[in-house]
file my_file.cif (mmCIF, C-alpha atoms and all ligand atoms)
data_target
#
loop_
_atom_site.label_atom_id
_atom_site.label_comp_id
_atom_site.auth_asym_id
_atom_site.auth_seq_id
_atom_site.Cartn_x
_atom_site.Cartn_y
_atom_site.Cartn_z
CA MET A 16 80.57 99.00 109.06
CA MET A 17 80.45 98.19 105.34
CA GLN A 18 78.74 100.84 103.24
CA ILE A 19 76.68 99.58 100.31
CA VAL A 20 76.23 102.11 97.54
CA GLU A 21 74.41 101.80 94.26
CA ASN A 22 75.11 105.09 92.55
CA ILE A 23 78.24 106.89 91.48
CA ALA A 24 77.63 110.22 93.26
CA GLU A 25 77.11 108.50 96.60
CA LEU A 26 80.19 106.36 96.10
CA GLN A 27 82.29 109.38 95.27
CA CYS A 28 81.13 111.16 98.47
CA VAL A 29 82.39 108.19 100.50
CA LEU A 30 85.68 108.02 98.56
CA THR A 31 86.30 111.77 98.81
CA ARG A 32 85.91 111.64 102.59
CA TRP A 33 88.52 108.88 102.79
CA ARG A 34 90.92 110.63 100.44
CA GLN A 35 90.61 113.88 102.39
CA ALA A 36 91.54 111.93 105.52
CA GLY A 37 94.68 110.77 103.68
CA GLU A 38 93.49 107.17 103.35
CA SER A 39 94.58 105.08 100.37
CA ILE A 40 92.06 102.98 98.45
CA ALA A 41 92.37 99.44 97.12
CA PHE A 42 89.79 98.16 94.66
CA VAL A 43 88.66 94.62 93.85
CA PRO A 44 86.23 94.46 90.90
CA THR A 45 84.14 91.27 90.79
CA MET A 46 81.05 89.78 89.20
CA GLY A 47 79.93 88.33 92.53
CA ASN A 48 79.34 84.69 93.48
CA LEU A 49 82.30 85.19 95.74
CA HIS A 50 84.57 82.34 96.82
CA ALA A 51 87.92 81.89 98.56
CA GLY A 52 89.74 83.22 95.49
CA HIS A 53 87.98 86.56 95.86
CA MET A 54 88.68 86.58 99.60
CA SER A 55 92.40 86.23 98.89
CA LEU A 56 92.14 89.36 96.70
CA ILE A 57 90.48 91.17 99.59
CA THR A 58 93.16 90.03 102.05
CA ALA A 59 95.84 91.31 99.64
CA ALA A 60 93.88 94.55 99.24
CA HIS A 61 93.86 95.15 103.01
CA ALA A 62 97.64 94.78 102.99
CA LYS A 63 97.93 97.46 100.31
CA ALA A 64 95.61 100.25 101.42
CA ALA A 65 93.67 101.73 104.31
CA ARG A 66 90.29 101.23 102.63
CA VAL A 67 88.99 98.37 100.49
CA VAL A 68 86.25 98.85 97.91
CA VAL A 69 84.68 95.85 96.13
CA SER A 70 82.30 96.09 93.19
CA ILE A 71 79.83 93.45 92.13
CA PHE A 72 78.53 93.87 88.60
CA VAL A 73 77.75 91.07 86.18
CA ASN A 74 79.00 92.88 83.13
CA PRO A 75 76.83 92.08 80.09
CA THR A 76 79.34 93.36 77.55
CA GLN A 77 81.89 90.65 78.30
CA PHE A 78 79.45 87.81 77.57
CA GLY A 79 78.95 86.75 73.96
CA PRO A 80 75.66 85.62 72.42
CA GLY A 81 74.78 82.17 73.74
CA GLU A 82 77.09 82.52 76.75
CA ASP A 83 75.93 82.32 80.36
CA PHE A 84 75.08 85.97 81.16
CA GLU A 85 71.50 85.13 82.23
CA ALA A 86 72.54 81.98 84.10
CA TYR A 87 75.60 83.50 85.77
CA PRO A 88 75.19 82.80 89.50
CA ARG A 89 73.89 85.83 91.40
CA THR A 90 74.27 85.29 95.14
CA LEU A 91 74.14 88.81 96.56
CA GLN A 92 73.08 87.94 100.08
CA ALA A 93 75.86 85.41 100.68
CA ASP A 94 78.35 87.69 98.90
CA THR A 95 77.46 90.65 101.13
CA GLN A 96 77.94 88.54 104.26
CA GLN A 97 81.38 87.39 103.08
CA LEU A 98 82.41 90.98 102.38
CA VAL A 99 81.26 92.09 105.84
CA ASP A 100 83.12 89.15 107.41
CA ASN A 101 86.25 90.19 105.53
CA ALA A 102 86.09 93.81 106.70
CA VAL A 103 85.44 95.36 103.29
CA ASP A 104 84.75 99.09 103.70
CA CYS A 105 82.47 99.67 100.74
CA LEU A 106 80.49 97.56 98.28
CA PHE A 107 79.64 99.25 94.99
CA LEU A 108 76.62 97.65 93.36
CA PRO A 109 75.81 99.55 90.18
CA SER A 110 72.91 98.68 87.90
CA LYS A 111 73.30 98.11 84.18
CA GLU A 112 71.70 101.53 83.57
CA ILE A 113 74.32 103.22 85.74
CA MET A 114 77.24 101.46 84.07
CA TYR A 115 75.87 101.71 80.54
CA PRO A 116 73.47 104.64 80.24
CA ALA A 117 71.45 104.71 77.03
CA GLY A 118 73.59 105.99 74.19
CA ALA A 119 76.95 104.96 75.64
CA SER A 120 79.07 104.03 72.64
CA THR A 121 82.72 104.05 73.69
CA HIS A 122 84.60 100.77 73.85
CA ILE A 123 88.17 100.01 74.80
CA THR A 124 90.03 97.33 72.90
CA VAL A 125 93.55 96.31 73.78
CA ALA A 126 94.53 95.23 70.28
CA GLY A 127 96.90 92.32 69.84
CA LEU A 128 96.29 90.79 73.25
CA SER A 129 92.53 90.44 73.00
CA GLU A 130 92.07 88.31 69.90
CA GLN A 131 94.02 85.22 70.88
CA TYR A 132 93.44 82.37 73.37
CA CYS A 133 90.19 83.17 75.22
CA GLY A 134 89.60 86.11 72.89
CA ALA A 135 89.58 83.81 69.85
CA SER A 136 86.67 81.73 71.12
CA ARG A 137 84.96 84.54 73.06
CA PHE A 138 84.81 87.26 70.45
CA GLY A 139 84.59 90.74 72.04
CA HIS A 140 85.06 89.37 75.56
CA PHE A 141 88.21 91.33 76.40
CA SER A 142 86.82 94.50 74.92
CA GLY A 143 83.89 94.15 77.33
CA VAL A 144 86.28 93.52 80.21
CA ALA A 145 88.60 96.42 79.34
CA THR A 146 85.68 98.81 78.90
CA VAL A 147 83.99 97.98 82.20
CA VAL A 148 87.29 97.93 84.13
CA ALA A 149 88.28 101.32 82.69
CA LYS A 150 84.89 102.73 83.69
CA LEU A 151 85.15 101.26 87.19
CA PHE A 152 88.69 102.64 87.51
CA ASN A 153 87.45 106.10 86.53
CA ILE A 154 84.58 105.88 89.00
CA VAL A 155 86.59 104.55 91.96
CA GLN A 156 90.01 106.06 91.17
CA PRO A 157 91.78 103.58 93.41
CA ASP A 158 95.46 103.69 94.30
CA VAL A 159 95.72 99.97 93.66
CA ALA A 160 93.50 97.37 92.00
CA LEU A 161 93.75 93.63 92.48
CA PHE A 162 92.99 90.82 90.02
CA GLY A 163 93.26 87.04 90.25
CA GLU A 164 96.03 85.39 88.26
CA LYS A 165 93.64 82.61 87.27
CA ASP A 166 92.41 84.94 84.54
CA PHE A 167 95.96 85.50 83.38
CA GLN A 168 95.11 86.89 79.96
CA GLN A 169 92.64 89.31 81.55
CA LEU A 170 95.39 90.55 83.87
CA VAL A 171 97.81 91.06 80.95
CA VAL A 172 95.11 92.91 78.97
CA ILE A 173 94.35 95.20 81.92
CA ARG A 174 98.06 95.86 82.58
CA LYS A 175 98.49 96.92 78.97
CA MET A 176 95.40 99.15 79.09
CA VAL A 177 96.66 100.87 82.26
CA LEU A 178 100.07 101.39 80.64
CA ASP A 179 98.74 102.56 77.27
CA LEU A 180 96.19 104.95 78.79
CA ASN A 181 98.49 106.31 81.54
CA MET A 182 96.06 105.30 84.25
CA PRO A 183 97.60 106.22 87.62
CA ILE A 184 96.73 102.90 89.23
CA ALA A 185 99.04 100.18 90.57
CA LEU A 186 97.93 96.67 89.61
CA GLN A 187 98.53 93.61 91.65
CA GLY A 188 97.96 90.04 90.50
CA VAL A 189 97.08 87.57 93.23
CA ALA A 190 97.89 83.84 93.08
CA THR A 191 95.13 81.43 92.12
CA VAL A 192 93.35 79.74 95.00
CA ARG A 193 92.75 76.03 94.42
CA GLU A 194 90.50 73.32 95.78
CA ALA A 195 92.30 70.52 97.66
CA ASP A 196 92.54 68.49 94.42
CA GLY A 197 94.09 71.37 92.46
CA LEU A 198 91.04 72.67 90.57
CA ALA A 199 91.26 76.47 90.34
CA MET A 200 88.38 78.12 92.18
CA SER A 201 85.88 79.66 89.81
CA SER A 202 82.27 80.71 89.92
CA ARG A 203 81.69 78.47 86.90
CA ASN A 204 82.80 75.30 88.74
CA GLY A 205 79.26 75.19 90.09
CA TYR A 206 78.06 74.20 86.59
CA LEU A 207 80.01 70.89 86.74
CA THR A 208 78.10 67.66 87.35
CA PRO A 209 79.59 65.46 90.13
CA GLU A 210 81.21 63.24 87.47
CA GLN A 211 82.71 66.21 85.61
CA ARG A 212 83.87 67.71 88.90
CA LYS A 213 85.83 64.51 89.56
CA ASN A 214 87.63 64.79 86.20
CA ALA A 215 88.13 68.57 86.22
CA PRO A 216 91.47 68.62 88.17
CA LEU A 217 93.12 66.98 85.14
CA LEU A 218 93.45 70.46 83.62
CA TYR A 219 95.78 71.58 86.42
CA GLN A 220 97.55 68.20 86.47
CA CYS A 221 98.38 68.66 82.77
CA LEU A 222 99.69 72.17 83.46
CA CYS A 223 101.92 70.85 86.27
CA ALA A 224 103.23 68.02 84.07
CA ALA A 225 103.95 70.45 81.21
CA ARG A 226 105.71 72.82 83.64
CA ASP A 227 107.91 69.92 84.75
CA GLN A 228 108.83 69.18 81.12
CA LEU A 229 109.82 72.81 80.61
CA LEU A 230 111.89 72.77 83.80
CA ALA A 231 113.56 69.57 82.57
CA GLY A 232 114.71 71.48 79.48
CA MET A 233 112.12 70.60 76.83
CA THR A 234 111.83 73.39 74.29
CA ASP A 235 109.49 71.84 71.73
CA TYR A 236 106.52 73.91 72.84
CA HIS A 237 104.33 72.70 69.98
CA ALA A 238 104.85 69.10 71.07
CA ILE A 239 103.88 70.01 74.64
CA SER A 240 100.78 71.76 73.42
CA ALA A 241 99.81 68.81 71.21
CA GLU A 242 100.47 66.23 73.94
CA TYR A 243 98.21 67.83 76.53
CA THR A 244 95.52 68.90 74.10
CA GLU A 245 95.24 65.24 73.14
CA LYS A 246 95.34 64.08 76.76
CA LEU A 247 92.52 66.44 77.73
CA ASN A 248 90.40 65.47 74.74
CA VAL A 249 90.82 61.75 75.44
CA ALA A 250 89.71 62.37 79.04
CA GLY A 251 86.43 63.97 77.94
CA PHE A 252 87.41 67.63 77.81
CA GLU A 253 87.04 69.66 74.65
CA ALA A 254 90.40 71.44 74.67
CA ASP A 255 90.35 74.98 73.35
CA TYR A 256 94.06 75.77 73.74
CA PHE A 257 97.08 74.65 75.71
CA ALA A 258 99.86 77.10 74.92
CA VAL A 259 103.34 77.94 76.17
CA CYS A 260 103.67 81.72 76.07
CA ARG A 261 105.88 84.54 77.21
CA ALA A 262 104.40 85.71 80.51
CA GLU A 263 104.83 89.39 79.74
CA ASP A 264 102.96 89.70 76.47
CA LEU A 265 101.56 86.21 75.78
CA GLN A 266 103.50 85.87 72.53
CA PRO A 267 104.32 82.24 71.65
CA ALA A 268 107.39 81.32 73.73
CA GLN A 269 110.72 81.05 71.98
CA PRO A 270 113.56 78.81 73.24
CA GLU A 271 115.49 81.86 74.51
CA ASP A 272 112.57 83.15 76.65
CA SER A 273 112.79 82.48 80.38
CA ARG A 274 109.64 83.96 81.95
CA LEU A 275 106.86 81.77 80.68
CA VAL A 276 103.24 80.97 81.35
CA ILE A 277 101.31 77.96 80.14
CA LEU A 278 97.72 78.94 79.39
CA ALA A 279 94.96 76.37 79.07
CA ALA A 280 91.24 76.40 78.41
CA ALA A 281 88.95 73.44 77.90
CA LYS A 282 85.25 72.79 77.99
CA MET A 283 84.09 70.14 80.40
CA GLY A 284 80.42 69.66 79.65
CA LYS A 285 78.72 73.02 80.09
CA PRO A 286 81.48 75.14 81.60
CA ARG A 287 84.66 76.20 79.94
CA LEU A 288 87.45 75.93 82.49
CA ILE A 289 90.58 78.06 82.28
CA ASP A 290 93.80 77.80 84.22
CA ASN A 291 97.49 78.58 83.87
CA ILE A 292 100.84 78.03 85.49
CA ARG A 293 103.88 80.31 85.57
CA VAL A 294 107.28 78.86 84.77
CA ASP A 295 110.54 80.71 85.29
CA LEU A 296 113.37 78.97 83.52
CA PRO A 297 116.88 79.37 84.88
CA ARG A 298 118.44 80.75 81.72
CA SER A 299 119.79 84.13 80.76
CA GLY A 300 118.36 86.11 77.86
O1 LIG B 1 87.26 88.80 86.55
C1 LIG B 1 86.08 89.25 86.65
O2 LIG B 1 85.33 88.89 87.56
C2 LIG B 1 85.58 90.24 85.63
O3 LIG B 1 86.10 89.97 84.37
C3 LIG B 1 85.83 91.71 86.02
C4 LIG B 1 87.32 92.01 86.11
C5 LIG B 1 85.17 92.00 87.36
C6 LIG B 1 85.24 92.65 84.97
O4 LIG B 1 83.87 92.46 84.85
#
call {"tool": "encode", "arguments": {"input": "my_file.cif", "output": "structure tokens", "more": "lines below"}}
Ligand code: PAF
result
Amino acid sequence: MMQIVENIAELQCVLTRWRQAGESIAFVPTMGNLHAGHMSLITAAHAKAARVVVSIFVNPTQFGPGEDFEAYPRTLQADTQQLVDNAVDCLFLPSKEIMYPAGASTHITVAGLSEQYCGASRFGHFSGVATVVAKLFNIVQPDVALFGEKDFQQLVVIRKMVLDLNMPIALQGVATVREADGLAMSSRNGYLTPEQRKNAPLLYQCLCAARDQLLAGMTDYHAISAEYTEKLNVAGFEADYFAVCRAEDLQPAQPEDSRLVILAAAKMGKPRLIDNIRVDLPRSG
């Protein structure tokens, strides 16, 4: 039976019992409005540990002024059912007051990785993410935590935080789950009008086409970025960035780099869609 707990002391009682029984703990932090992408994190979590804990908390500190914090879809009843159906052991549902008691004033910023790409247009976003994830890690103290690769920059930021702060937690990225037409699953896809939804897969199509150019040996990364930025804008997107980066640290890719990721973000009407594709080039160095 899935336990639903709303406060930290109660959660820690449950976790202590499991740890004393020698059971390992996998943790999947979420903001709810769960879809197949989240379920793939939960499936991967079951493969990693005896117990799976999921949190649902729409974290206010990672939304900027004018962003969709108030409108963010909250679908607790359907989410709970999906978690039960997927054999989650514990759902942690903290309130804002529990996560951010009055007077809390400590923030975590992973400098260097947080200001570019999504961080450039969503000022403070990754600081909000790093702070809430660090707090959730301290509360749950999991053996392993799982994050979707769709939010690739988020995953790189969290990896660096865990490394820099010596957090004893293994991280696992899980492949993006896509709709049949290639659109990456996201809670924000629900904001798309039917017309926008039809056009939205172009973002992933551009990533695939750019990946093919890299695999064919093209090394003019600026030209690739310019070509697809233009293509997206002509098709009605408002491209934010389309960048070929080193997968490890998101620095602009150099011709000698072989482990790459192409990161893209573009507004399509109301929502800002993000996606990425990994490219491993067969070259040494
Ligand atoms: O990816 C998300 O849903 C959120 O950024 C996270 C990691 C749960 C932190 O609020």
call {"tool": "atom_distance", "arguments": {"input": "my_file.cif", "atom1": "atom CA of A:Val249", "atom2": "atom CA of A:Met200"}}
result
23.5 Å
call {"tool": "closest_residue", "arguments": {"input": "my_file.cif", "among": "A:Gly232, A:Pro75, A:Pro183, A:Gly118", "to": "ligand LIG 1 (chain B)", "atoms": "all atoms listed in the file"}}
result
A:Pro75
call {"tool": "residues_near_point", "arguments": {"input": "my_file.cif", "point": "(104.8, 87.1, 81.5)", "cutoff": "10 Å", "atoms": "all atoms listed in the file", "output": "list of chain:residue names"}}
result
A:Phe167, A:Gln168, A:Val171, A:Cys260, A:Arg261, A:Ala262, A:Glu263, A:Asp264, A:Leu265, A:Gln266, A:Asp272, A:Ser273, A:Arg274, A:Leu275, A:Val276, A:Ile277, A:Arg293, A:Val294, A:Asp295
call {"tool": "residues_around", "arguments": {"input": "my_file.cif", "residues": "stretch 202-206 of chain A", "least_positions_apart": "3", "cutoff": "9 Å", "atoms": "all atoms listed in the file", "output": "ChimeraX atom specification"}}
result
/A:47-50,87-88,198-199,212,215,284-288
call {"tool": "closest_residue", "arguments": {"input": "my_file.cif", "among": "A:Ile289, A:Ala24, A:Leu229, A:Ala254", "to": "A:Ala268", "atoms": "only C-alpha atoms"}}
result
A:Leu229
call {"tool": "residues_near_ligand", "arguments": {"input": "my_file.cif", "ligand": "ligand LIG 1 (chain B)", "cutoff": "8 Å", "atoms": "only C-alpha atoms and all ligand atoms", "output": "NGL selection string"}}
result
:A and (43-47 or 70-74 or 77 or 143-145 or 147-148 or 162-163 or 166 or 169)
call {"tool": "closest_residue", "arguments": {"input": "my_file.cif", "among": "A:Val67, A:Leu26, A:Leu296, A:Val20", "to": "A:Glu38", "atoms": "only C-alpha atoms"}}
result
A:Val67
call {"tool": "closest_residue", "arguments": {"input": "my_file.cif", "among": "A:Thr234, A:Gln211, A:Gln228, A:Thr124", "to": "A:Asp179", "atoms": "all atoms listed in the file"}}
result
A:Thr124
call {"tool": "residues_near_point", "arguments": {"input": "my_file.cif", "point": "(87.8, 106.8, 98.8)", "cutoff": "9 Å", "atoms": "all atoms listed in the file", "output": "VMD selection string"}}
result
chain A and resid 26 to 35 38 to 41 66 to 68 155 to 157
call {"tool": "closest_residue", "arguments": {"input": "my_file.cif", "among": "A:Pro209, A:Pro216, A:Pro267, A:Gly139", "to": "A:Ala195", "atoms": "only C-alpha atoms"}}
result
A:Pro216
call {"tool": "closest_residue", "arguments": {"input": "my_file.cif", "among": "A:Leu161, A:Gln92, A:Ala280, A:Ala51", "to": "A:Val69", "atoms": "only C-alpha atoms"}}
result
A:Leu161
call {"tool": "atom_distance", "arguments": {"input": "my_file.cif", "atom1": "atom CA of A:Leu247", "atom2": "atom CA of A:Met283"}}
result
9.6 Å
call {"tool": "atom_distance", "arguments": {"input": "my_file.cif", "atom1": "atom CA of A:Ile123", "atom2": "atom CA of A:Val159"}}
result
20.3 Å
call {"tool": "residues_around", "arguments": {"input": "my_file.cif", "residues": "A:Pro109", "least_positions_apart": "4", "cutoff": "7 Å", "atoms": "only C-alpha atoms", "output": "number ranges by chain"}}
result
A: 21-22, 72, 113-114
call {"tool": "axis_aligned_box", "arguments": {"input": "my_file.cif", "around": "stretch 279-290 of chain A", "padding_each_side": "8 Å", "output": "JSON"}}
result
{"center_x": 86.8, "center_y": 73.9, "center_z": 81.1, "size_x": 32.2, "size_y": 24.4, "size_z": 22.3}
